[in-house]
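Visitor: A single structure is presented below for examination.
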Amino acid sequence: MIIKKKFLDICVGWPGSTHDSRILINSNLYNKFNNQNNLNKYILGDGGYPNLSWLIVPYKDIGRGLTHEQTYFNLKHSQTWIKVEQAFGLLKGRCRCLLHTLEVSCEIVSHIITTCCILHNICEERSDFLSPEDHYNDTGVNVNGEANTNETLEGNVIRNTICDFLWNQRNINMRA
């Protein structure tokens, strides 16, 4: 979980080939949010995650096309999600060892990643900002063949409610 480009919750120790949703389901974050009702707090996730009552992902275009409302929702989701990508870019810019395979045991790798996240947070807290040329920009796309079929009805209702709200706000602002 990331707020103000700081990492508030990490789950390390999984091989890089493990699907994001599998790691999520086995994380403390999942247990915390999945076992509480009516948090009125939401986490954004990318398309690799299931849409849940507390984890909101973009609409998927499965060949039928998206409505204007869904397309607008996805735009707003993307504009917010970019902060997550920026946080990872800053982390990798500060801790260049994360750009390559670490030739140490898996247990040590977990400690290195955790330490890098802690040091990154300290830098962010102290406003020790990286110059733009030191930011790491990952243009790779995570293409993982594992399908995500764990969406919940409640999650879809909440996403649709947020989508309708954003669309209505857009229309009100356009009239003003």
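Residues are referred to by chain and number: the chain letter is A, B, ... according to the order shown in the structure tokens, the number counts from 1 in that chain, and ligands are numbered separately from 1 in the order shown.
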Determine, counting only C-alpha atoms, which protein, DNA and RNA residues have an atom within 9 Å of an atom of Lys6 (chain A); residues of the same chain fewer than 6 positions away are not included. Present the result as a list in words.
Guide: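 Residues near the query, excluding close chain neighbours: Ala87, Cys117, Ile118, His120, Asn121, Ile122, Glu124 and Glu125 of chain A.
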Visitor: Any chance you can output those residues with N, CA, C and O atoms as a short mmCIF file (atom, residue, chain, number, x, y, z; two decimals), in the first residue's frame?
Guide:
data_model
loop_
_atom_site.label_atom_id
_atom_site.label_comp_id
_atom_site.auth_asym_id
_atom_site.auth_seq_id
_atom_site.Cartn_x
_atom_site.Cartn_y
_atom_site.Cartn_z
N ALA A 87 6.06 5.66 -7.29
CA ALA A 87 6.72 5.22 -6.06
C ALA A 87 7.71 4.09 -6.34
O ALA A 87 8.83 4.09 -5.83
N CYS A 117 12.91 -0.59 0.99
CA CYS A 117 11.63 0.11 1.18
C CYS A 117 11.69 1.04 2.39
O CYS A 117 11.19 2.17 2.35
N ILE A 118 12.32 0.58 3.47
CA ILE A 118 12.46 1.41 4.67
C ILE A 118 13.32 2.63 4.37
O ILE A 118 12.96 3.77 4.72
N HIS A 120 13.88 4.00 1.45
CA HIS A 120 13.10 4.85 0.54
C HIS A 120 12.13 5.72 1.34
O HIS A 120 12.02 6.93 1.10
N ASN A 121 11.42 5.11 2.29
CA ASN A 121 10.46 5.87 3.10
C ASN A 121 11.14 6.96 3.91
O ASN A 121 10.61 8.06 4.05
N ILE A 122 12.32 6.66 4.44
CA ILE A 122 13.07 7.67 5.20
C ILE A 122 13.43 8.83 4.28
O ILE A 122 13.29 9.99 4.64
N GLU A 124 11.86 9.78 1.55
CA GLU A 124 10.63 10.52 1.25
C GLU A 124 10.21 11.38 2.44
O GLU A 124 9.79 12.52 2.27
N GLU A 125 10.31 10.82 3.64
CA GLU A 125 9.94 11.54 4.87
C GLU A 125 10.80 12.79 5.05
O GLU A 125 10.31 13.84 5.48
#
Visitor: Running DSSP on the backbone, which parts of region 3-130 of chain A land in helix (DSSP H, G or I), as a PyMOL selection string?
Guide: chain A and resi 20-25+28-34+68-94+96-99+106-125
Visitor: I need the residue nearest Lys76 (chain A) from this list: A:Leu98, A:Cys11, A:Ile113, A:Ile162. Use only C-alpha atoms for the distance.
Guide: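 Between A:Leu98, A:Cys11, A:Ile113, A:Ile162, the residue approaching Lys76 (chain A) most closely is A:Ile162.
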Visitor: List as a list in words the protein and nucleic acid residues near Cys95 (chain A), meaning an atom at most 10 Å away when only C-alpha atoms are counted, but skip any in the same chain fewer than 5 places from it.
Guide: Gly89, Leu90, Ile112, Ile113, Thr115, Cys116, Cys117, Leu119, His120 and Tyr136 of chain A
Visitor: For CA of Tyr72 (chain A) and CA of Lys60 (chain A), quote the distance in Å rounded to one decimal.
Guide: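 These atoms are spaced 12.8 Å apart.
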Visitor: Leaving out Gly155 (chain A) and any residue of its chain fewer than 6 positions from it, which residues lie within 6 Å of it when counting only C-alpha atoms, given as number ranges by chain?
Guide: A: 51-53
Visitor: Please report the interatomic distance between CA of Cys163 (chain A) and CA of Asn34 (chain A) in Å with one decimal.
Guide: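 Going from CA of Cys163 (chain A) over to CA of Asn34 (chain A), I get 21.9 Å.
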Visitor: Please, what distance in Å, to one decimal, runs between CA of Tyr49 (chain A) and CA of Asp20 (chain A)?
Guide: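 Those two atoms sit 6.6 Å apart.
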Visitor: So which residues touch Ser21 (chain A) within 9 Å, counting only C-alpha atoms, skipping near sequence neighbours fewer than 4 positions away, as a PyMOL selection string?
Guide: chain A and resi 25-26+48-50+148
Visitor: Would you output that residue set with N, CA and C atoms, as a PDB file, in the first residue's frame?
Guide:
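File part.pdb, as written:
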ATOM      1  N   ILE A  25      -3.537 -12.656  -1.910  1.00  0.00           N
ATOM      2  CA  ILE A  25      -4.397 -13.521  -1.104  1.00  0.00           C
ATOM      3  C   ILE A  25      -3.641 -14.093   0.097  1.00  0.00           C
ATOM      4  N   ASN A  26      -2.333 -14.182   0.007  1.00  0.00           N
ATOM      5  CA  ASN A  26      -1.525 -14.709   1.100  1.00  0.00           C
ATOM      6  C   ASN A  26      -0.878 -13.617   1.950  1.00  0.00           C
ATOM      7  N   GLY A  48      -4.200  -7.035 -12.679  1.00  0.00           N
ATOM      8  CA  GLY A  48      -3.731  -8.330 -12.201  1.00  0.00           C
ATOM      9  C   GLY A  48      -4.401  -8.773 -10.914  1.00  0.00           C
ATOM     10  N   TYR A  49      -5.226  -7.906 -10.334  1.00  0.00           N
ATOM     11  CA  TYR A  49      -5.882  -8.209  -9.074  1.00  0.00           C
ATOM     12  C   TYR A  49      -7.373  -8.405  -9.277  1.00  0.00           C
ATOM     13  N   PRO A  50      -8.024  -9.103  -8.341  1.00  0.00           N
ATOM     14  CA  PRO A  50      -9.479  -9.236  -8.411  1.00  0.00           C
ATOM     15  C   PRO A  50     -10.152  -7.948  -7.939  1.00  0.00           C
ATOM     16  N   ASN A 148      -7.814 -13.848 -13.826  1.00  0.00           N
ATOM     17  CA  ASN A 148      -8.265 -13.366 -12.550  1.00  0.00           C
ATOM     18  C   ASN A 148      -9.784 -13.479 -12.502  1.00  0.00           C
TER      19      ASN A 148
END
Visitor: Between A:Gly47, A:Phe88, A:Ile56, A:Asn28, which residue has the minimum interatomic distance to Lys4 (chain A), considering only C-alpha atoms?
Guide: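 Comparing A:Gly47, A:Phe88, A:Ile56, A:Asn28 against Lys4 (chain A), the winner is A:Phe88.
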Visitor: For Thr71 (chain A), which residue out of A:Asn160, A:Gln86, A:Asn35, A:Ser17 is the nearest one, using only C-alpha atoms?
Guide: A:Asn160
Visitor: Given the choices A:Ile158, A:Phe33, A:Arg94, A:Thr101, which gets closest to Asp128 (chain A) if the distance is worked out from only C-alpha atoms?
Guide: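 Selected residue with least distance to Asp128 (chain A): A:Arg94.
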Visitor: Pull the strand (DSSP E) assignments for region 34-143 of chain A out of DSSP run on the backbone, and list those residues as a ChimeraX atom specification.
Guide: /A:43-44,55-56
